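Q: Sharing start.txt here; it has compact mmCIF, C-alpha atoms.
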```
# COMPACT_ATOMS: atom_id res chain seq x y z
CA MET X 1 23.37 -27.34 -6.11
CA PRO X 2 25.80 -26.56 -3.28
CA GLU X 3 29.42 -27.38 -4.06
CA ILE X 4 32.51 -27.50 -1.88
CA ILE X 5 35.00 -24.96 -3.20
CA LEU X 6 37.94 -24.65 -0.84
CA GLN X 7 38.90 -21.08 0.03
CA TYR X 8 42.48 -21.88 1.01
CA GLN X 9 44.83 -23.33 -1.58
CA THR X 10 47.68 -25.41 -0.20
CA ASP X 11 51.03 -24.06 -1.37
CA ALA X 12 54.10 -25.87 -2.65
CA ASN X 13 55.82 -25.69 0.75
CA TRP X 14 53.35 -28.23 2.10
CA THR X 15 54.15 -30.67 -0.72
CA GLU X 16 57.89 -30.20 -0.17
CA THR X 17 57.43 -30.82 3.57
CA VAL X 18 55.56 -34.05 2.88
CA LEU X 19 58.05 -35.31 0.30
CA SER X 20 60.96 -34.56 2.65
CA ASP X 21 59.50 -36.99 5.21
CA PHE X 22 57.23 -39.24 3.18
CA ASN X 23 57.40 -42.04 5.76
CA ALA X 24 55.83 -39.76 8.40
CA PHE X 25 53.20 -38.73 5.86
CA LEU X 26 52.31 -42.37 5.16
CA LEU X 27 51.86 -43.06 8.87
CA ASP X 28 49.60 -40.02 9.20
CA HIS X 29 47.68 -41.05 6.07
CA ALA X 30 47.08 -44.52 7.49
CA ALA X 31 45.73 -43.03 10.71
CA ALA X 32 43.45 -40.70 8.72
CA GLU X 33 41.97 -43.59 6.74
CA LYS X 34 41.37 -45.59 9.90
CA LYS X 35 39.65 -42.62 11.55
CA ALA X 36 37.55 -41.98 8.42
CA SER X 37 36.29 -45.56 8.53
CA SER X 38 35.47 -45.19 12.23
CA MET X 39 33.67 -41.90 11.59
CA ALA X 40 31.49 -43.54 8.95
CA MET X 41 30.54 -46.36 11.31
CA SER X 42 29.85 -43.83 14.05
CA MET X 43 27.33 -42.16 11.75
CA VAL X 44 25.65 -45.51 11.13
CA SER X 45 25.33 -45.93 14.90
CA HIS X 46 24.07 -42.40 15.53
CA TYR X 47 21.56 -42.25 12.67
CA PRO X 48 20.10 -45.77 12.32
CA ASP X 49 16.75 -44.29 11.27
CA LYS X 50 18.25 -42.41 8.30
CA ILE X 51 18.48 -45.12 5.65
CA ALA X 52 20.44 -43.03 3.14
CA ILE X 53 23.12 -42.35 5.76
CA VAL X 54 23.24 -45.99 6.88
CA GLU X 55 23.70 -47.25 3.34
CA ALA X 56 26.22 -44.62 2.28
CA MET X 57 28.28 -44.74 5.47
CA THR X 58 28.41 -48.54 5.47
CA ASP X 59 29.91 -48.45 1.98
CA LEU X 60 32.22 -45.59 2.92
CA ALA X 61 33.49 -47.38 6.03
CA VAL X 62 34.45 -50.40 3.93
CA GLU X 63 36.13 -48.22 1.28
CA GLU X 64 38.10 -46.21 3.85
CA LEU X 65 39.22 -49.43 5.54
CA ALA X 66 40.38 -50.73 2.14
CA HIS X 67 42.37 -47.50 1.72
CA PHE X 68 43.85 -48.06 5.17
CA LYS X 69 44.93 -51.54 4.10
CA GLN X 70 46.54 -50.14 0.95
CA VAL X 71 48.47 -47.49 2.90
CA VAL X 72 49.58 -50.13 5.42
CA ARG X 73 50.96 -52.14 2.51
CA LEU X 74 52.99 -49.11 1.36
CA ILE X 75 54.23 -48.63 4.93
CA LEU X 76 55.22 -52.26 5.40
CA ASP X 77 56.92 -52.36 1.99
CA ARG X 78 59.17 -49.58 3.27
CA GLY X 79 59.99 -51.51 6.44
CA ILE X 80 58.22 -48.96 8.63
CA THR X 81 56.30 -49.90 11.76
CA LEU X 82 52.85 -48.46 12.35
CA SER X 83 52.70 -45.94 15.17
CA ALA X 84 50.03 -44.98 17.67
CA ASP X 85 47.46 -42.52 16.42
CA THR X 86 47.87 -38.92 17.48
CA LYS X 87 45.36 -36.09 17.47
CA ASP X 88 45.18 -34.28 14.14
CA PRO X 89 45.35 -30.53 14.93
CA TYR X 90 43.27 -29.71 11.84
CA VAL X 91 40.49 -32.09 12.86
CA VAL X 92 40.61 -30.86 16.47
CA GLU X 93 40.06 -27.29 15.25
CA ILE X 94 37.43 -28.05 12.62
CA ARG X 95 35.40 -30.11 15.10
CA LYS X 96 34.97 -26.93 17.15
CA LEU X 97 32.62 -25.74 14.39
CA PHE X 98 29.93 -28.29 15.31
CA ARG X 99 26.77 -26.61 16.55
CA GLN X 100 24.45 -27.98 19.20
CA GLY X 101 20.96 -29.21 18.36
CA THR X 102 20.01 -32.40 16.54
CA ASN X 103 19.49 -30.97 13.05
CA ALA X 104 22.27 -28.39 13.23
CA PHE X 105 24.70 -31.03 14.42
CA LEU X 106 23.71 -33.45 11.64
CA LEU X 107 24.10 -30.78 8.97
CA ASP X 108 27.47 -29.73 10.37
CA ARG X 109 28.62 -33.32 10.60
CA LEU X 110 27.81 -33.94 6.94
CA LEU X 111 29.26 -30.67 5.67
CA ILE X 112 32.42 -30.80 7.76
CA ALA X 113 33.04 -34.38 6.64
CA GLY X 114 32.61 -33.21 3.05
CA VAL X 115 35.06 -30.34 3.55
CA ILE X 116 37.62 -32.70 5.11
CA GLU X 117 37.27 -35.00 2.11
CA ALA X 118 37.63 -32.04 -0.26
CA ARG X 119 40.82 -31.02 1.53
CA GLY X 120 42.06 -34.60 1.18
CA HIS X 121 41.24 -34.48 -2.53
CA GLU X 122 43.28 -31.31 -2.96
CA ARG X 123 46.28 -32.53 -0.99
CA PHE X 124 46.40 -36.08 -2.29
CA GLY X 125 46.26 -34.56 -5.77
CA LEU X 126 49.32 -32.45 -4.98
CA ILE X 127 51.16 -35.55 -3.78
CA ALA X 128 50.10 -37.54 -6.86
CA GLU X 129 51.44 -34.77 -9.12
CA ALA X 130 54.75 -34.58 -7.25
CA LEU X 131 55.56 -38.30 -6.98
CA PRO X 132 57.63 -40.01 -9.64
CA ALA X 133 56.00 -42.67 -11.82
CA GLY X 134 55.34 -45.89 -9.93
CA LYS X 135 52.93 -47.58 -7.55
CA ASP X 136 52.91 -44.73 -5.01
CA LYS X 137 51.92 -42.24 -7.71
CA ARG X 138 49.20 -44.58 -9.07
CA PHE X 139 47.84 -45.08 -5.56
CA TYR X 140 47.68 -41.35 -4.86
CA GLU X 141 46.05 -40.66 -8.22
CA ALA X 142 43.35 -43.21 -7.38
CA ILE X 143 42.84 -41.94 -3.85
CA THR X 144 42.55 -38.36 -5.13
CA TYR X 145 39.60 -39.45 -7.26
CA SER X 146 38.00 -41.25 -4.29
CA GLU X 147 38.26 -38.19 -2.05
CA ALA X 148 36.44 -36.06 -4.64
CA LYS X 149 33.64 -38.65 -4.76
CA HIS X 150 33.42 -38.67 -0.97
CA ALA X 151 33.14 -34.87 -0.77
CA GLY X 152 30.21 -35.02 -3.19
CA LEU X 153 28.64 -37.89 -1.26
CA PHE X 154 28.33 -35.79 1.88
CA ILE X 155 26.69 -32.94 -0.04
CA ASP X 156 24.26 -35.43 -1.63
CA LEU X 157 23.40 -36.79 1.82
CA ALA X 158 22.87 -33.29 3.21
CA LEU X 159 20.46 -32.58 0.33
CA GLN X 160 18.29 -35.48 1.46
CA TYR X 161 17.66 -33.84 4.83
CA PHE X 162 18.17 -30.08 4.35
CA SER X 163 17.33 -27.35 1.83
CA GLU X 164 19.90 -26.16 -0.70
CA ASN X 165 19.75 -22.69 0.82
CA GLU X 166 20.44 -23.97 4.34
CA ILE X 167 23.31 -26.11 3.06
CA SER X 168 24.84 -23.30 1.00
CA ASN X 169 24.70 -20.79 3.85
CA ARG X 170 26.27 -23.11 6.40
CA LEU X 171 28.82 -24.45 3.91
CA THR X 172 30.01 -20.90 3.21
CA GLU X 173 30.58 -20.35 6.95
CA ILE X 174 32.42 -23.65 7.36
CA LEU X 175 34.64 -23.04 4.33
CA GLN X 176 35.63 -19.61 5.66
CA LYS X 177 36.56 -21.08 9.04
CA GLU X 178 38.36 -24.03 7.44
CA ALA X 179 40.50 -21.61 5.41
CA GLU X 180 41.44 -19.77 8.61
CA ILE X 181 42.35 -23.07 10.28
CA CYS X 182 44.58 -24.07 7.36
CA THR X 183 46.30 -20.68 7.40
CA GLU X 184 47.14 -20.96 11.09
CA LEU X 185 48.40 -24.55 11.22
CA PRO X 186 52.14 -25.22 10.97
CA LEU X 187 53.47 -27.20 8.02
CA ARG X 188 54.06 -30.85 8.82
CA ALA X 189 54.49 -34.10 6.92
CA ALA X 190 50.82 -34.91 7.42
CA LEU X 191 47.62 -34.74 5.43
CA HIS X 192 46.37 -31.76 7.44
```
Have the structure of the file written as structure tokens, please.
A:
Amino acid sequence: MPEIILQYQTDANWTETVLSDFNAFLLDHAAAEKKASSMAMSMVSHYPDKIAIVEAMTDLAVEELAHFKQVVRLILDRGITLSADTKDPYVVEIRKLFRQGTNAFLLDRLLIAGVIEARGHERFGLIAEALPAGKDKRFYEAITYSEAKHAGLFIDLALQYFSENEISNRLTEILQKEAEICTELPLRAALH
């Protein structure tokens, strides 16, 4: 079965950058959760005839919105004000990998979403490890687990509509490009 194995490993400098401006990271995290919920609902709208996608993305949208609410609570507890969303350079670059054509686009959409979730799993895990004991650490430990589940969910969905061979081949290409994107992006106190 195809599996998402990231080809770029985030180094300790990223974690240090995040911890040095954790408030900025929280604001970026909130925006990412909000966008993830919107993406899931967008898939429901674009694929109403694909029952597995409708069911899974409806649940995912609710879960991501619950994560957004939890991050907002952390933000408000710190006395920070939410800020306007900005474009995520990582997402801008990875979206360039989408191919044209109904089936190619659907496969790419599922696999790229899975890779983004896998990257979130890796990075939230780094934050969870680095934070001192307390509610922030517990939250990031829980969200790390969720991101791993979400990455697997997108692979499971892809398997309902595409062959393992097709998924594996395209996933290899996407993971190579995603590693290049991560290598080229500057460090910032943000998820990506």
Q: Please list, as a list in words, the residues that have an atom at most 7 Å away from (22.8, -27.6, -3.3) in the coordinates of this file, counting all atoms listed in the file.
A: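 Residues lying no farther than 7 Å from the given point: Met1, Pro2, Glu3, Leu159, Glu164, Ile167 and Ser168 of chain X.
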Q: How close does range 82-127 of chain X get to range 33-41 of chain X? List, as JSON lines, each residue of range 82-127 of chain X within 12 Å, its nearest atom pair and the distance in Å to one decimal, counting only C-alpha atoms.
A:
```
{"residue": "X:Ala84", "atom": "CA", "partner": "X:Lys34", "partner_atom": "CA", "distance": 11.7}
{"residue": "X:Asp85", "atom": "CA", "partner": "X:Lys35", "partner_atom": "CA", "distance": 9.2}
{"residue": "X:Thr86", "atom": "CA", "partner": "X:Lys35", "partner_atom": "CA", "distance": 10.8}
{"residue": "X:Lys87", "atom": "CA", "partner": "X:Lys35", "partner_atom": "CA", "distance": 10.5}
{"residue": "X:Asp88", "atom": "CA", "partner": "X:Lys35", "partner_atom": "CA", "distance": 10.3}
{"residue": "X:Val91", "atom": "CA", "partner": "X:Lys35", "partner_atom": "CA", "distance": 10.6}
{"residue": "X:Arg109", "atom": "CA", "partner": "X:Met39", "partner_atom": "CA", "distance": 10.0}
{"residue": "X:Leu110", "atom": "CA", "partner": "X:Ala40", "partner_atom": "CA", "distance": 10.5}
{"residue": "X:Ile112", "atom": "CA", "partner": "X:Met39", "partner_atom": "CA", "distance": 11.8}
{"residue": "X:Ala113", "atom": "CA", "partner": "X:Ala36", "partner_atom": "CA", "distance": 9.0}
{"residue": "X:Gly114", "atom": "CA", "partner": "X:Ala36", "partner_atom": "CA", "distance": 11.4}
{"residue": "X:Ile116", "atom": "CA", "partner": "X:Ala36", "partner_atom": "CA", "distance": 9.9}
{"residue": "X:Glu117", "atom": "CA", "partner": "X:Ala36", "partner_atom": "CA", "distance": 9.4}
{"residue": "X:Gly120", "atom": "CA", "partner": "X:Glu33", "partner_atom": "CA", "distance": 10.6}
```
Q: If I take CA of Phe162 in chain X and CA of Glu147 in chain X, how far is one from the other in Å, to one decimal?
A: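 Between CA of Phe162 in chain X and CA of Glu147 in chain X the gap is 22.6 Å.
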Q: May I have the residues at most 10 Å from (33.0, -30.6, 10.1) in the file's coordinates, counting all atoms listed in the file, as JSON, numbers by chain?
A: {"X": [91, 92, 93, 94, 95, 96, 97, 98, 99, 105, 106, 107, 108, 109, 110, 111, 112, 113, 114, 115, 116, 171, 174, 175, 178]}
Q: With C-alpha atoms retained, could you export that selection as a PDB file, in the frame of the given file?
A:
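Saved the output as out.pdb:
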```pdb
ATOM      1  CA  VAL X  91      40.490 -32.090  12.860  1.00  0.00           C
ATOM      2  CA  VAL X  92      40.610 -30.860  16.470  1.00  0.00           C
ATOM      3  CA  GLU X  93      40.060 -27.290  15.250  1.00  0.00           C
ATOM      4  CA  ILE X  94      37.430 -28.050  12.620  1.00  0.00           C
ATOM      5  CA  ARG X  95      35.400 -30.110  15.100  1.00  0.00           C
ATOM      6  CA  LYS X  96      34.970 -26.930  17.150  1.00  0.00           C
ATOM      7  CA  LEU X  97      32.620 -25.740  14.390  1.00  0.00           C
ATOM      8  CA  PHE X  98      29.930 -28.290  15.310  1.00  0.00           C
ATOM      9  CA  ARG X  99      26.770 -26.610  16.550  1.00  0.00           C
ATOM     10  CA  PHE X 105      24.700 -31.030  14.420  1.00  0.00           C
ATOM     11  CA  LEU X 106      23.710 -33.450  11.640  1.00  0.00           C
ATOM     12  CA  LEU X 107      24.100 -30.780   8.970  1.00  0.00           C
ATOM     13  CA  ASP X 108      27.470 -29.730  10.370  1.00  0.00           C
ATOM     14  CA  ARG X 109      28.620 -33.320  10.600  1.00  0.00           C
ATOM     15  CA  LEU X 110      27.810 -33.940   6.940  1.00  0.00           C
ATOM     16  CA  LEU X 111      29.260 -30.670   5.670  1.00  0.00           C
ATOM     17  CA  ILE X 112      32.420 -30.800   7.760  1.00  0.00           C
ATOM     18  CA  ALA X 113      33.040 -34.380   6.640  1.00  0.00           C
ATOM     19  CA  GLY X 114      32.610 -33.210   3.050  1.00  0.00           C
ATOM     20  CA  VAL X 115      35.060 -30.340   3.550  1.00  0.00           C
ATOM     21  CA  ILE X 116      37.620 -32.700   5.110  1.00  0.00           C
ATOM     22  CA  LEU X 171      28.820 -24.450   3.910  1.00  0.00           C
ATOM     23  CA  ILE X 174      32.420 -23.650   7.360  1.00  0.00           C
ATOM     24  CA  LEU X 175      34.640 -23.040   4.330  1.00  0.00           C
ATOM     25  CA  GLU X 178      38.360 -24.030   7.440  1.00  0.00           C
TER      26      GLU X 178
END
```
Q: Quick one, how far is CA of Ile155 in chain X from CA of Ile5 in chain X?
A: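 So the answer is 11.9 Å.
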Q: Between X:Ile143, X:Arg123, X:Asn169, X:Leu157, which is the closest to Asn13 in chain X once you count only C-alpha atoms?
A: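 Looking at the shortest contact to Asn13 in chain X, the residue is X:Arg123.
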Q: Between X:Leu26, X:Ile53, X:Leu187, X:Ala118, which has the minimum distance to Arg73 in chain X (counting all atoms listed in the file)?
A: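 That would be X:Leu26, the residue with the smallest distance to Arg73 in chain X.
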Q: Determine the nearest neighbour of Leu185 in chain X from the options X:Phe124, X:Trp14, X:Phe25, X:Tyr90, counting only C-alpha atoms.
A: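 For Leu185 in chain X, the nearest of the given residues is X:Tyr90.
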Q: Excluding Ala189 in chain X and any residue of its chain fewer than 5 positions from it, enumerate the residues within 12 Å of it, using only C-alpha atoms, and give them as an MDAnalysis selection string.
A: chainID X and resid 13:29 88 123 127
Q: Selection from above, C-alpha atoms, as an mmCIF file, in the coordinates of the input, can you write it?
A:
```
data_model
loop_
_atom_site.group_PDB
_atom_site.id
_atom_site.type_symbol
_atom_site.label_atom_id
_atom_site.label_comp_id
_atom_site.auth_asym_id
_atom_site.auth_seq_id
_atom_site.Cartn_x
_atom_site.Cartn_y
_atom_site.Cartn_z
ATOM 1 C CA ASN X 13 55.820 -25.690 0.750
ATOM 2 C CA TRP X 14 53.350 -28.230 2.100
ATOM 3 C CA THR X 15 54.150 -30.670 -0.720
ATOM 4 C CA GLU X 16 57.890 -30.200 -0.170
ATOM 5 C CA THR X 17 57.430 -30.820 3.570
ATOM 6 C CA VAL X 18 55.560 -34.050 2.880
ATOM 7 C CA LEU X 19 58.050 -35.310 0.300
ATOM 8 C CA SER X 20 60.960 -34.560 2.650
ATOM 9 C CA ASP X 21 59.500 -36.990 5.210
ATOM 10 C CA PHE X 22 57.230 -39.240 3.180
ATOM 11 C CA ASN X 23 57.400 -42.040 5.760
ATOM 12 C CA ALA X 24 55.830 -39.760 8.400
ATOM 13 C CA PHE X 25 53.200 -38.730 5.860
ATOM 14 C CA LEU X 26 52.310 -42.370 5.160
ATOM 15 C CA LEU X 27 51.860 -43.060 8.870
ATOM 16 C CA ASP X 28 49.600 -40.020 9.200
ATOM 17 C CA HIS X 29 47.680 -41.050 6.070
ATOM 18 C CA ASP X 88 45.180 -34.280 14.140
ATOM 19 C CA ARG X 123 46.280 -32.530 -0.990
ATOM 20 C CA ILE X 127 51.160 -35.550 -3.780
#
```
Q: Give me the residues within 8 Å of Glu122 in chain X as number ranges by chain, counting all atoms listed in the file and dropping any in the same chain fewer than 4 places off.
A: X: 10, 118, 126, 144
Q: Quote the spacing between CA of Ala142 in chain X and CA of Gln70 in chain X in Å to one decimal place.
A: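 Distance reported for this atom pair: 11.3 Å.
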Q: Find the residues near Glu63 in chain X: any atom within 10 Å, counting all atoms listed in the file, skip ones fewer than 4 places away on the same chain, and give them as an NGL selection string.
A: :X and (33 or 36-37 or 57-59 or 67-69 or 146)
Q: With all atoms listed in the file as the basis for distance, which of X:Gln7, X:Ser42, X:Tyr161, X:Ala31 is at the shortest distance from Ala104 in chain X?
A: X:Tyr161
Q: Box time for range 20-34 of chain X: axis-aligned, enclosing all its listed atoms, 5 Å extra on each side; report centre and edge lengths in Å to one decimal, as lines of an AutoDock Vina configuration file.
A:
```
center_x = 51.2
center_y = -40.1
center_z = 6.7
size_x = 29.6
size_y = 21.0
size_z = 18.1
```
Q: Would you please work out which residue, of X:Leu6, X:His121, X:Asp11, X:Leu74, is nearest to His150 in chain X when using all atoms listed in the file?
A: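 Answer, going by the shortest atom-to-atom distance: X:His121.
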